[in-house]
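Student: Provided herewith is a single structure, encoded as structure tokens, for subsequent inquiry.
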Amino acid sequence: MPPVIGSRIGGIVAGSGGGVAKGDGPSSVDGEDRQPIADELKAAARREAEYREHVKTPVPKTKGRRLGRLYDVPRYGEKYGILYQPGGKALEYSPWAVNVAKSCSHGCTYCYGPSVARKTADKYRDDPDPKATIIPSINAGLTRALKDGCDIPRVHFTFSGDLYDPSAVEGSTEFASSGEMTRAVIEAVHSHGVGVQILTKGGTKAARDFDLYRPGDRFGCTLTFIDPEKSKTWEPGAALPEDRLRALKEAHKRGIETWASCEPVIDPDETLELIRRSHKFVDIFAVGRWNHDKRAAAIDWHKFTADVVELLDSLGCEYYIKDDLRRYLPPKGDEDDGRDPTPEEGEVLAAVAEGILVNYPGVPEMKLWENARERLGYPIPLAVVRSWLRASGYVEAGQKLNGSPLWNPPAGVVA
Ligand code: SF4
């Protein structure tokens with residue numbers, strides 16, 4: 001049964017409120033319609049009670065802690081329309097997401113959105129392409145997924161486009177304004193007893209919706225540059241750095257859990273400075289690297305990783321290092337680094353190393369780690385890779401290839 005649209009129960013909106021989708025208005029209260037409405041109200045009240053139970057004992061906040069993961073939610077095989085479980089790098093940020101548009105006017109030069117949407121960068125930036133019937137689709141997806149018993153602590157907005165991109169509603173038949181859409185989206189998710197996780201470059205535009213946030217929600221900004229001129233060059237349509245920091249500060253002041261995505265890291269010094277300036281009002285930092293650009297090879301990722309971890313630890317921050325950067329982490333005693341590879345991991349490492357030796361004079365440990373991760377579908381600690389190399393007779397060459405230590409193969413394995 002779909003959630004009640006536009007009704008308030010115990011202070012919680014059980015529907016899309018101001019952004020009610022066309023054709024999704026409240027049911028009649030006449031005659032025989034009363035029973036279904038009563039059932040819907042009861043269901044909404046139950047979801048509300050379950051949600052309150054879920055958040056009343058929040059996990060105590062731990063500072064100065066590197067997180068293994070940002071969440072712990074299984075993957076399900078089913079598809080739920082607009083509501084989906086991302087794969088690849090996005091999965092590190094959230095197990096559930098909704099994208100509201102296949103375009104974005106922020107125009108970031110590093111954006112991968114155009115390739116995902118199979119558009120040119122100009123078309124992706126200049127031609128608004130909102131998805132149709134967002135609210136009914138969110139309601140349908142969440143209703144079905146929750147009925148199937150899926151664990152959905154939060155829905156992430158968004159991996160494609162930006163919820164606070166004003167052009168995201170241009171041409172929409174569902175919403176008259178961006179403000180109407182963003183509120184309706186948050187309220188629709190809440191009406192199912194599910195939280196939202198926002199990631200935006202819209203800055204303080206997002207503050208207009210802070211009154212809707214509840215325990216369990218997260219508000220986040222992508223932090224890339226301190227220098228406004230660099231930001232204008234790389235992200236010409238997005239909010240300026242100061243505005244994003246202001247939005248985070250305001251959210252924190254209101255008791256909203258805040259997070260910052262430090263990715264892409266185009267200027268490591270600027271990223272470190274952003275962390276210094278924002279750590280007092282950012283609850284969790286997620287740090288990645290810069291991908292899909294040859295210029296990223298000029299950055300010393302070992303140094304940046306060591307610097308950022310040292311800084312985050314020294315500031316007592318809670319943080320998550322994304323897989324792309326994790327491989328540069330200095331080994332930590334408290335991780336499961338010293339273990340032997342499992343038999344399956346050993347087989348994959350051997351096959352991958354053999355493949356690498358076809359084209360390389362030795363085995364760069366980072367390449368081995370990366371290719372093994374792709375084959376296995378999960379990352380193994382770099383120390384496990386090193387331990388496998390040693391146990392298999394590989395010897396450190398004392399040289400680096402593409403910044404990664406190179407290992408010479410044992411006698412009998414031809415490089
Ligand atoms: S805000 Fe995100 S979706 Fe929009 S252009 Fe920038 S990177 Fe792409």
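Each chain of the structure tokens is named A, B, ... in the order shown, its residues numbered from 1; ligands are numbered from 1 in display order.
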Would you kindly return, as a PyMOL selection string, each protein, DNA or RNA residue with an atom no farther than 12 Å from any atom of segment 110-118 of chain A, considering only C-alpha atoms and excluding same-chain residues fewer than 5 positions away?

Tutor: chain A and resi 90+99+101-105+123-127+129+158-162+224+231+233-236+263-266+290-296

Student: Using only C-alpha atoms, which protein or nucleic acid residues come within 9 Å of His252 of chain A? Drop anything in the same chain fewer than 3 positions from it, and give the result as a list in words.

Tutor: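 Listing them by chain and then by number gives Phe219, Ala247, Leu248, Lys249, Gly255, Ile256, Glu257, Thr258, Phe281, Val282 and Asp283 of chain A.
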
Student: Using atom CA of Asp151 of chain A and atom CA of Trp96 of chain A as the two end points, give the distance in Å to one decimal.

Tutor: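 Calculated distance between atom CA of Asp151 of chain A and atom CA of Trp96 of chain A is 9.5 Å.
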
Student: I'd like to know which residues of segment 116-302 of chain A are helix (DSSP H, G or I) (by DSSP, run on the backbone); could you write them as a PyMOL selection string?

Tutor: chain A and resi 116-117+121-126+134-147+166-169+178-190+203-212+228-234+241-253+268-278+294-298+301-302

Student: Rank A:Asp165, A:Asp300, A:Asp267, A:Asp39 by their smallest atom-to-atom distance to ligand 1, using only C-alpha atoms and all ligand atoms, and report the top residue only.

Tutor: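 That would be A:Asp165, the residue with the smallest distance to ligand 1.
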
Student: Of the candidates A:Gly202, A:Gly193, A:Gly88, A:Pro405, which one gets nearest to ligand 1 if we count only C-alpha atoms and all ligand atoms?

Tutor: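 That would be A:Gly202, the residue with the smallest distance to ligand 1.
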
Student: Determine the nearest neighbour of ligand 1 from the options A:Ala188, A:Leu142, A:Leu199, A:Ala45, counting only C-alpha atoms and all ligand atoms.

Tutor: A:Leu199

Student: Do you have the atom CA of Gly107 of chain A-atom CA of Arg69 of chain A distance handy?

Tutor: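 If I compute the distance from atom CA of Gly107 of chain A to atom CA of Arg69 of chain A, I get 29.8 Å.
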
Student: Identify, on the basis of only C-alpha atoms, every residue whose closest approach to Glu347 of chain A does not exceed 12 Å; exclude the query and any residue fewer than 2 positions from it along the same chain; express the result as number ranges by chain.

Tutor: A: 341-345, 349-354, 372, 375-376, 385, 388, 392

Student: Rounded to one decimal, what separation in Å do you get between atom CA of Glu92 of chain A and atom CA of Gly377 of chain A?

Tutor: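 Spanning atom CA of Glu92 of chain A to atom CA of Gly377 of chain A is a straight-line distance of 12.7 Å.
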
Student: In terms of the shortest atom-to-atom distance over only C-alpha atoms and all ligand atoms, which of A:Pro130, A:Gly68, A:Gly237, A:Gly87 is closest to ligand 1?

Tutor: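 That would be A:Gly237, the residue with the smallest distance to ligand 1.
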
Student: Please determine, counting only C-alpha atoms and all ligand atoms, which residue among A:Trp301, A:Tyr360, A:Phe157, A:Trp407 has the shortest atom-to-atom distance to ligand 1.

Tutor: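 The answer is A:Phe157, which sits nearest to ligand 1.
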
Student: Looking at A:Pro379, A:Pro128, A:Pro409, A:Gly141, which one is nearest to Ile356 of chain A, with distances taken over only C-alpha atoms?

Tutor: A:Pro409
